[in-house]
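Visitor: Got run30.cif for you, mmCIF, C-alpha atoms, pLDDT in the B column; chains and numbers go by the auth columns:
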data_structure
#
loop_
_atom_site.group_PDB
_atom_site.id
_atom_site.type_symbol
_atom_site.label_atom_id
_atom_site.label_comp_id
_atom_site.label_asym_id
_atom_site.label_seq_id
_atom_site.Cartn_x
_atom_site.Cartn_y
_atom_site.Cartn_z
_atom_site.B_iso_or_equiv
_atom_site.auth_seq_id
_atom_site.auth_asym_id
ATOM 1 C CA MET A 1 106.964 -22.644 23.574 51.00 182 A
ATOM 2 C CA GLU A 2 108.857 -19.374 24.016 51.00 183 A
ATOM 3 C CA ILE A 3 109.628 -19.305 20.290 50.00 184 A
ATOM 4 C CA ARG A 4 105.925 -19.750 19.521 53.00 185 A
ATOM 5 C CA PHE A 5 104.946 -16.886 21.820 49.00 186 A
ATOM 6 C CA ALA A 6 107.621 -14.725 20.249 52.00 187 A
ATOM 7 C CA LYS A 7 106.184 -15.360 16.762 51.00 188 A
ATOM 8 C CA ILE A 8 102.661 -14.493 17.961 51.00 189 A
ATOM 9 C CA ALA A 9 103.915 -11.296 19.576 50.00 190 A
ATOM 10 C CA ALA A 10 105.715 -10.342 16.394 49.00 191 A
ATOM 11 C CA LEU A 11 102.566 -10.923 14.328 50.00 192 A
ATOM 12 C CA LEU A 12 100.486 -8.825 16.730 52.00 193 A
ATOM 13 C CA ALA A 13 103.012 -6.004 16.609 52.00 194 A
ATOM 14 C CA LEU A 14 102.982 -6.117 12.807 52.00 195 A
ATOM 15 C CA ALA A 15 99.174 -6.019 12.736 52.00 196 A
ATOM 16 C CA LEU A 16 99.026 -3.072 15.117 50.00 197 A
ATOM 17 C CA SER A 17 101.640 -1.254 13.119 51.00 198 A
ATOM 18 C CA SER A 18 99.672 -1.813 9.895 49.00 199 A
ATOM 19 C CA THR A 19 96.440 -0.628 11.540 47.00 200 A
ATOM 20 C CA ALA A 20 98.139 2.491 12.868 48.00 201 A
ATOM 21 C CA GLY A 21 99.621 3.170 9.464 50.00 202 A
ATOM 22 C CA LEU A 22 96.194 2.766 7.838 48.00 203 A
ATOM 23 C CA ALA A 23 94.637 5.125 10.376 50.00 204 A
ATOM 24 C CA ASP A 24 97.340 7.711 9.717 52.00 205 A
ATOM 25 C CA GLU A 25 96.748 7.344 6.010 56.00 206 A
ATOM 26 C CA LEU A 26 92.992 7.909 6.391 57.00 207 A
ATOM 27 C CA ASN A 27 93.451 10.963 8.594 68.00 208 A
ATOM 28 C CA TYR A 28 96.052 12.614 6.417 75.00 209 A
ATOM 29 C CA ASN A 29 95.051 15.558 4.205 87.00 210 A
ATOM 30 C CA VAL A 30 91.368 15.263 5.193 94.00 211 A
ATOM 31 C CA TYR A 31 89.130 18.312 4.688 95.00 212 A
ATOM 32 C CA HIS A 32 85.548 18.624 5.957 96.00 213 A
ATOM 33 C CA LEU A 33 82.943 20.225 3.697 96.00 214 A
ATOM 34 C CA THR A 34 79.259 21.135 3.914 96.00 215 A
ATOM 35 C CA ALA A 35 76.784 21.913 1.137 96.00 216 A
ATOM 36 C CA GLU A 36 73.115 22.854 1.324 96.00 217 A
ATOM 37 C CA ALA A 37 70.255 23.189 -1.126 96.00 218 A
ATOM 38 C CA GLN A 38 66.838 24.650 -0.377 95.00 219 A
ATOM 39 C CA GLN A 39 63.613 25.478 -2.131 95.00 220 A
ATOM 40 C CA ARG A 40 60.332 27.179 -1.321 94.00 221 A
ATOM 41 C CA VAL A 41 57.303 24.920 -1.761 94.00 222 A
ATOM 42 C CA GLN A 42 53.621 25.685 -1.581 94.00 223 A
ATOM 43 C CA ASN A 43 51.814 24.583 1.577 95.00 224 A
ATOM 44 C CA ASP A 44 49.137 22.251 0.230 94.00 225 A
ATOM 45 C CA LEU A 45 47.817 20.771 3.486 96.00 226 A
ATOM 46 C CA MET A 46 45.736 22.571 6.111 96.00 227 A
ATOM 47 C CA LYS A 47 45.589 21.304 9.709 96.00 228 A
ATOM 48 C CA VAL A 48 43.312 22.597 12.443 97.00 229 A
ATOM 49 C CA THR A 49 42.729 21.691 16.080 97.00 230 A
ATOM 50 C CA LEU A 50 39.451 22.421 17.823 97.00 231 A
ATOM 51 C CA SER A 51 38.327 21.615 21.340 97.00 232 A
ATOM 52 C CA ALA A 52 35.083 20.931 23.168 97.00 233 A
ATOM 53 C CA SER A 53 34.924 21.886 26.821 97.00 234 A
ATOM 54 C CA HIS A 54 32.376 22.137 29.631 97.00 235 A
ATOM 55 C CA GLU A 55 32.280 22.854 33.354 96.00 236 A
ATOM 56 C CA ALA A 56 29.836 21.285 35.809 96.00 237 A
ATOM 57 C CA ASN A 57 29.518 20.488 39.491 95.00 238 A
ATOM 58 C CA ARG A 58 29.994 16.777 38.788 95.00 239 A
ATOM 59 C CA ALA A 59 32.766 15.278 36.675 95.00 240 A
ATOM 60 C CA ALA A 60 30.300 12.915 35.022 96.00 241 A
ATOM 61 C CA ASP A 61 28.089 15.804 33.921 97.00 242 A
ATOM 62 C CA ALA A 62 31.050 17.710 32.463 97.00 243 A
ATOM 63 C CA ALA A 63 32.247 14.616 30.580 97.00 244 A
ATOM 64 C CA ALA A 64 28.748 13.879 29.269 97.00 245 A
ATOM 65 C CA ALA A 65 28.402 17.399 27.881 97.00 246 A
ATOM 66 C CA VAL A 66 31.798 17.202 26.133 97.00 247 A
ATOM 67 C CA ASN A 67 30.958 13.798 24.674 97.00 248 A
ATOM 68 C CA GLN A 68 27.730 15.226 23.296 97.00 249 A
ATOM 69 C CA GLN A 69 29.539 18.180 21.720 97.00 250 A
ATOM 70 C CA MET A 70 32.177 15.912 20.207 97.00 251 A
ATOM 71 C CA GLN A 71 29.616 13.491 18.748 97.00 252 A
ATOM 72 C CA TRP A 72 27.842 16.456 17.189 97.00 253 A
ATOM 73 C CA ALA A 73 31.112 17.717 15.664 97.00 254 A
ATOM 74 C CA LEU A 74 32.252 14.291 14.442 97.00 255 A
ATOM 75 C CA LYS A 75 28.946 13.671 12.678 96.00 256 A
ATOM 76 C CA ARG A 76 29.314 16.871 10.676 95.00 257 A
ATOM 77 C CA ALA A 77 33.038 16.607 9.957 96.00 258 A
ATOM 78 C CA ARG A 78 32.898 12.961 8.853 94.00 259 A
ATOM 79 C CA ALA A 79 30.171 13.789 6.353 92.00 260 A
ATOM 80 C CA LYS A 80 32.745 15.730 4.300 89.00 261 A
ATOM 81 C CA LYS A 81 34.859 13.145 2.433 84.00 262 A
ATOM 82 C CA PRO A 82 37.886 15.400 1.696 90.00 263 A
ATOM 83 C CA LEU A 83 38.388 15.884 5.442 96.00 264 A
ATOM 84 C CA THR A 84 40.564 13.590 7.585 95.00 265 A
ATOM 85 C CA VAL A 85 39.193 13.594 11.122 97.00 266 A
ATOM 86 C CA SER A 86 40.630 12.256 14.396 96.00 267 A
ATOM 87 C CA THR A 87 40.045 12.906 18.082 96.00 268 A
ATOM 88 C CA GLY A 88 42.856 14.040 20.333 95.00 269 A
ATOM 89 C CA GLN A 89 43.636 14.656 23.987 95.00 270 A
ATOM 90 C CA TYR A 90 40.805 14.082 26.468 96.00 271 A
ATOM 91 C CA GLN A 91 41.001 15.205 30.074 95.00 272 A
ATOM 92 C CA THR A 92 38.912 15.957 33.144 96.00 273 A
ATOM 93 C CA THR A 93 40.367 18.340 35.729 96.00 274 A
ATOM 94 C CA PRO A 94 39.035 19.810 38.988 96.00 275 A
ATOM 95 C CA VAL A 95 38.116 23.501 39.285 95.00 276 A
ATOM 96 C CA TYR A 96 39.253 24.986 42.605 95.00 277 A
ATOM 97 C CA GLN A 97 37.767 27.829 44.605 92.00 278 A
ATOM 98 C CA ASN A 98 39.243 28.806 47.966 90.00 279 A
ATOM 99 C CA ARG A 99 41.506 25.751 47.741 91.00 280 A
ATOM 100 C CA LYS A 100 38.500 23.437 47.491 93.00 281 A
ATOM 101 C CA ILE A 101 37.087 21.591 44.507 93.00 282 A
ATOM 102 C CA ALA A 102 34.159 23.664 43.311 93.00 283 A
ATOM 103 C CA GLY A 103 33.490 21.810 40.080 96.00 284 A
ATOM 104 C CA TRP A 104 34.973 19.901 37.159 97.00 285 A
ATOM 105 C CA ARG A 105 36.115 20.834 33.678 97.00 286 A
ATOM 106 C CA ALA A 106 36.211 18.300 30.858 97.00 287 A
ATOM 107 C CA SER A 107 37.735 18.887 27.420 97.00 288 A
ATOM 108 C CA GLN A 108 38.639 16.987 24.262 97.00 289 A
ATOM 109 C CA GLN A 109 40.488 17.922 21.071 97.00 290 A
ATOM 110 C CA LEU A 110 39.405 17.354 17.484 98.00 291 A
ATOM 111 C CA HIS A 111 42.006 17.296 14.669 98.00 292 A
ATOM 112 C CA ILE A 112 40.999 17.861 11.050 98.00 293 A
ATOM 113 C CA GLU A 113 43.208 18.128 7.980 97.00 294 A
ATOM 114 C CA SER A 114 42.583 18.487 4.258 96.00 295 A
ATOM 115 C CA ASP A 115 44.049 19.809 1.019 95.00 296 A
ATOM 116 C CA LYS A 116 40.650 21.328 0.206 95.00 297 A
ATOM 117 C CA PHE A 117 40.971 24.603 2.062 94.00 298 A
ATOM 118 C CA SER A 118 37.531 25.969 1.185 93.00 299 A
ATOM 119 C CA VAL A 119 35.795 22.826 2.432 95.00 300 A
ATOM 120 C CA LEU A 120 37.688 22.876 5.714 95.00 301 A
ATOM 121 C CA THR A 121 37.175 26.592 6.349 94.00 302 A
ATOM 122 C CA ASP A 122 33.428 26.200 5.718 94.00 303 A
ATOM 123 C CA MET A 123 33.392 23.318 8.187 95.00 304 A
ATOM 124 C CA LEU A 124 35.152 25.516 10.764 94.00 305 A
ATOM 125 C CA GLY A 125 32.323 28.006 10.479 92.00 306 A
ATOM 126 C CA GLU A 126 29.872 25.248 11.420 94.00 307 A
ATOM 127 C CA LEU A 127 31.902 23.613 14.171 96.00 308 A
ATOM 128 C CA GLN A 128 32.566 26.873 16.009 95.00 309 A
ATOM 129 C CA GLU A 129 28.939 26.917 17.036 93.00 310 A
ATOM 130 C CA LYS A 130 29.959 24.552 19.848 95.00 311 A
ATOM 131 C CA LEU A 131 33.725 24.036 19.601 97.00 312 A
ATOM 132 C CA LYS A 132 36.643 26.446 20.010 96.00 313 A
ATOM 133 C CA LEU A 133 39.334 26.807 17.343 95.00 314 A
ATOM 134 C CA ASP A 134 42.698 26.298 19.077 95.00 315 A
ATOM 135 C CA ALA A 135 45.232 26.124 16.248 94.00 316 A
ATOM 136 C CA MET A 136 45.617 26.311 12.485 95.00 317 A
ATOM 137 C CA GLN A 137 48.685 25.315 10.469 94.00 318 A
ATOM 138 C CA PHE A 138 49.651 25.037 6.805 95.00 319 A
ATOM 139 C CA VAL A 139 52.361 22.581 5.732 94.00 320 A
ATOM 140 C CA PRO A 140 53.487 20.732 2.602 94.00 321 A
ATOM 141 C CA LYS A 141 52.012 17.260 2.212 94.00 322 A
ATOM 142 C CA VAL A 142 54.407 14.360 2.828 92.00 323 A
ATOM 143 C CA GLN A 143 54.492 13.475 -0.880 94.00 324 A
ATOM 144 C CA THR A 144 55.180 17.091 -1.861 94.00 325 A
ATOM 145 C CA ARG A 145 58.007 17.393 0.660 93.00 326 A
ATOM 146 C CA ARG A 146 59.635 14.083 -0.334 93.00 327 A
ATOM 147 C CA GLN A 147 59.573 14.889 -4.040 95.00 328 A
ATOM 148 C CA THR A 148 61.213 18.220 -3.299 95.00 329 A
ATOM 149 C CA GLU A 149 63.799 16.585 -1.025 96.00 330 A
ATOM 150 C CA ASP A 150 64.760 14.083 -3.750 95.00 331 A
ATOM 151 C CA LYS A 151 65.571 16.934 -6.129 96.00 332 A
ATOM 152 C CA LEU A 152 67.448 18.824 -3.431 97.00 333 A
ATOM 153 C CA VAL A 153 69.575 15.765 -2.557 97.00 334 A
ATOM 154 C CA VAL A 154 70.927 15.715 -6.129 97.00 335 A
ATOM 155 C CA GLU A 155 71.541 19.474 -6.033 97.00 336 A
ATOM 156 C CA ALA A 156 73.305 19.339 -2.653 97.00 337 A
ATOM 157 C CA LEU A 157 75.529 16.434 -3.749 97.00 338 A
ATOM 158 C CA ASN A 158 76.519 18.304 -6.902 97.00 339 A
ATOM 159 C CA GLN A 159 77.401 21.329 -4.775 97.00 340 A
ATOM 160 C CA PHE A 160 79.494 19.096 -2.519 97.00 341 A
ATOM 161 C CA LYS A 161 81.396 17.714 -5.518 97.00 342 A
ATOM 162 C CA THR A 162 81.972 21.221 -6.868 97.00 343 A
ATOM 163 C CA ARG A 163 83.412 22.365 -3.550 96.00 344 A
ATOM 164 C CA ALA A 164 85.524 19.239 -3.252 97.00 345 A
ATOM 165 C CA LYS A 165 87.042 19.890 -6.678 96.00 346 A
ATOM 166 C CA LEU A 166 87.644 23.513 -5.728 96.00 347 A
ATOM 167 C CA VAL A 167 89.476 22.499 -2.549 96.00 348 A
ATOM 168 C CA ALA A 168 91.561 19.910 -4.422 95.00 349 A
ATOM 169 C CA SER A 169 92.481 22.408 -7.123 95.00 350 A
ATOM 170 C CA THR A 170 93.355 25.132 -4.618 96.00 351 A
ATOM 171 C CA MET A 171 95.544 22.754 -2.586 94.00 352 A
ATOM 172 C CA GLN A 172 97.208 21.510 -5.821 94.00 353 A
ATOM 173 C CA ALA A 173 96.026 17.947 -5.318 93.00 354 A
ATOM 174 C CA SER A 174 95.743 15.576 -8.262 92.00 355 A
ATOM 175 C CA LYS A 175 92.495 14.033 -7.022 93.00 356 A
ATOM 176 C CA TYR A 176 90.412 13.417 -3.905 95.00 357 A
ATOM 177 C CA ASP A 177 88.575 10.535 -2.226 95.00 358 A
ATOM 178 C CA VAL A 178 85.367 10.869 -0.217 95.00 359 A
ATOM 179 C CA VAL A 179 86.133 9.588 3.288 94.00 360 A
ATOM 180 C CA ASN A 180 82.622 9.901 4.711 94.00 361 A
ATOM 181 C CA LEU A 181 79.350 11.505 3.715 95.00 362 A
ATOM 182 C CA SER A 182 76.049 12.212 5.476 96.00 363 A
ATOM 183 C CA ILE A 183 72.786 13.521 3.994 95.00 364 A
ATOM 184 C CA ASN A 184 70.322 15.319 6.213 94.00 365 A
ATOM 185 C CA THR A 185 66.745 15.530 4.903 88.00 366 A
ATOM 186 C CA GLY A 186 63.385 16.236 6.467 68.00 367 A
ATOM 187 C CA ASP A 187 64.207 19.811 7.415 59.00 368 A
ATOM 188 C CA TYR A 188 61.524 22.310 6.486 57.00 369 A
ATOM 189 C CA ARG A 189 60.517 25.628 8.024 58.00 370 A
ATOM 190 C CA PRO A 190 56.866 26.563 7.726 55.00 371 A
ATOM 191 C CA PRO A 191 55.997 30.227 8.083 52.00 372 A
ATOM 192 C CA ILE A 192 54.081 31.563 11.055 48.00 373 A
ATOM 193 C CA PRO A 193 50.422 30.822 10.210 48.00 374 A
ATOM 194 C CA HIS A 194 48.337 33.852 9.387 44.00 375 A
ATOM 195 C CA MET A 195 44.694 33.693 10.367 45.00 376 A
ATOM 196 C CA ARG A 196 42.238 36.566 10.178 39.00 377 A
ATOM 197 C CA MET A 197 39.086 35.951 12.172 42.00 378 A
ATOM 198 C CA ASP A 198 36.283 38.254 13.227 40.00 379 A
ATOM 199 C CA MET A 199 34.747 36.451 16.171 36.00 380 A
ATOM 200 C CA MET A 200 31.983 39.081 16.369 33.00 381 A
ATOM 201 C CA ALA A 201 30.832 38.445 12.805 37.00 382 A
ATOM 202 C CA MET A 202 28.121 35.814 13.055 37.00 383 A
ATOM 203 C CA LYS A 203 26.162 33.987 10.396 38.00 384 A
ATOM 204 C CA ALA A 204 22.663 32.720 11.010 36.00 385 A
ATOM 205 C CA GLU A 205 23.976 29.169 11.049 47.00 386 A
ATOM 206 C CA GLY A 206 27.177 29.825 13.053 53.00 387 A
ATOM 207 C CA VAL A 207 30.467 31.682 13.260 61.00 388 A
ATOM 208 C CA ALA A 208 31.883 33.177 10.069 63.00 389 A
ATOM 209 C CA SER A 209 34.493 31.026 8.331 66.00 390 A
ATOM 210 C CA PRO A 210 38.072 32.312 8.813 70.00 391 A
ATOM 211 C CA ALA A 211 39.929 33.929 5.928 71.00 392 A
ATOM 212 C CA VAL A 212 43.158 32.001 5.362 75.00 393 A
ATOM 213 C CA GLU A 213 46.329 32.189 3.276 78.00 394 A
ATOM 214 C CA ALA A 214 48.407 28.973 3.026 81.00 395 A
ATOM 215 C CA GLY A 215 51.736 30.547 2.024 89.00 396 A
ATOM 216 C CA SER A 216 54.855 28.449 1.469 91.00 397 A
ATOM 217 C CA SER A 217 57.571 26.645 3.408 93.00 398 A
ATOM 218 C CA THR A 218 61.309 26.237 2.936 93.00 399 A
ATOM 219 C CA VAL A 219 62.504 22.669 2.394 94.00 400 A
ATOM 220 C CA SER A 220 66.258 22.146 2.749 95.00 401 A
ATOM 221 C CA VAL A 221 68.746 19.301 2.409 96.00 402 A
ATOM 222 C CA SER A 222 72.312 19.430 3.702 96.00 403 A
ATOM 223 C CA VAL A 223 75.284 17.251 2.813 96.00 404 A
ATOM 224 C CA SER A 224 78.396 17.082 4.953 96.00 405 A
ATOM 225 C CA GLY A 225 81.456 14.882 4.804 96.00 406 A
ATOM 226 C CA GLY A 226 85.192 14.602 4.577 96.00 407 A
ATOM 227 C CA ILE A 227 87.475 14.326 1.560 96.00 408 A
ATOM 228 C CA GLN A 228 91.100 13.184 1.447 95.00 409 A
ATOM 229 C CA LEU A 229 93.381 14.916 -1.023 95.00 410 A
ATOM 230 C CA ARG A 230 95.840 12.886 -3.083 91.00 411 A
ATOM 231 C CA HIS A 231 99.128 14.197 -4.434 87.00 412 A
ATOM 232 C CA ASP A 232 100.100 11.425 -6.846 79.00 413 A
#
Would you mind writing the file out in structure tokens?

Guide:
Amino acid sequence: MEIRFAKIAALLALALSSTAGLADELNYNVYHLTAEAQQRVQNDLMKVTLSASHEANRAADAAAAVNQQMQWALKRARAKKPLTVSTGQYQTTPVYQNRKIAGWRASQQLHIESDKFSVLTDMLGELQEKLKLDAMQFVPKVQTRRQTEDKLVVEALNQFKTRAKLVASTMQASKYDVVNLSINTGDYRPPIPHMRMDMMAMKAEGVASPAVEAGSSTVSVSVSGGIQLRHD
């Protein structure tokens, strides 16, 4: 029995020694590199957020008024096929005066997006008769961003290989192996949206449509990883 245990212990020691040796081999002459590729792309999708709100003495009256405003807005926005329309946050909150509830305020958001900027800006001119424009943003469409990212992945990987070869050559290594590699996509930086609006300029049918400029965004892909130099 003791002989058997001795053999098992010897095998375990050998296995641990081999594992430690393998770990030392993997961690020897390892260099960490990072490469990045980026490109400016045109913002081809416009997103806006509007809100309907109303105050009344009773919460039910405030909610009813907001529902009426939202139904009016949805009817007009849905009639334009290039527009994608969805409702957002809905809330009813008390209005205080002298630490007592003096009334109620109800509000609801409306989100609209489209790649037809002129259609959406015209619609904004109509909807601002009863709704308030809260936010406007221009971004690349998902398909546009993904196509750009695919090209940037290839470019970033080629940059990584170039740097790896440069490191190997500088350190007088015969070759290198990639130990690990990670690719980070989905990083884009839209510019601050520019919106010029003259709220005092009124049309007969509603508020003047805003003048907009979509601009562009920066899409970037980064590659990072480790290489192990070989001196064969």

Visitor: Apply the PyMOL selection byres ((chain A and resi 327) around 12) to the displayed file and report the matching residues as a PyMOL selection string.

Guide: chain A and resi 222+321-326+328-334+366-369+400-402

Visitor: Tell me which of A:Val276, A:Ala216, A:Met317, A:Leu410 sits closest to Val393 in chain A, counting all atoms listed in the file.

Guide: A:Met317

Visitor: Measure the distance from CA of Ala254 in chain A to CA of Glu236 in chain A in Å and round it to one decimal.

Guide: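 Interatomic distance, CA of Ala254 in chain A to CA of Glu236 in chain A: 18.5 Å.
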
Visitor: Expressed in Å to a single decimal, how great is the separation between CA of Ser397 in chain A and CA of Arg221 in chain A?

Guide: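 Going from CA of Ser397 in chain A over to CA of Arg221 in chain A covers 6.3 Å.
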
Visitor: Which residue is closest to Gln289 in chain A? Choose from A:Gln252, A:Gln223, A:Thr399, A:Ser232 and count all atoms listed in the file.

Guide: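 For Gln289 in chain A, the nearest of the candidates is A:Ser232.
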
Visitor: Counting only C-alpha atoms, which residues have an atom no more than 7 Å from (73.9, 20.0, 3.1) in the file's coordinates? Please list them as a PyMOL selection string.

Guide: chain A and resi 215-218+337+364-365+402-405

Visitor: Could you work out how far CA of Thr265 in chain A lies from CA of Gln250 in chain A, giving the answer in Å with one decimal?

Guide: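 Atom-to-atom, CA of Gln250 in chain A and CA of Thr265 in chain A are spaced 18.5 Å apart.
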
Visitor: Taking (37.2, 17.3, 30.5) in the coordinates of the supplied file, I want to know which residues reach to within 6 Å of it, counting only C-alpha atoms; could you give the answer as a list in words?

Guide: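 In the file's frame, the residues around the point are Ala244, Gln272, Thr273, Arg286, Ala287 and Ser288 of chain A.
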
Visitor: Any idea what's packed within 7 Å of range 291-294 of chain A, counting all atoms listed in the file, ignoring anything in its chain fewer than 3 positions away? Could you give it as a PyMOL selection string?

Guide: chain A and resi 226-232+264-269

Visitor: Ranking A:Asp358, A:Glu336, A:Asp242, A:Asp413 by minimum distance to Gly284 in chain A and counting all atoms listed in the file, which one comes first?

Guide: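 Comparing A:Asp358, A:Glu336, A:Asp242, A:Asp413 against Gly284 in chain A, the winner is A:Asp242.
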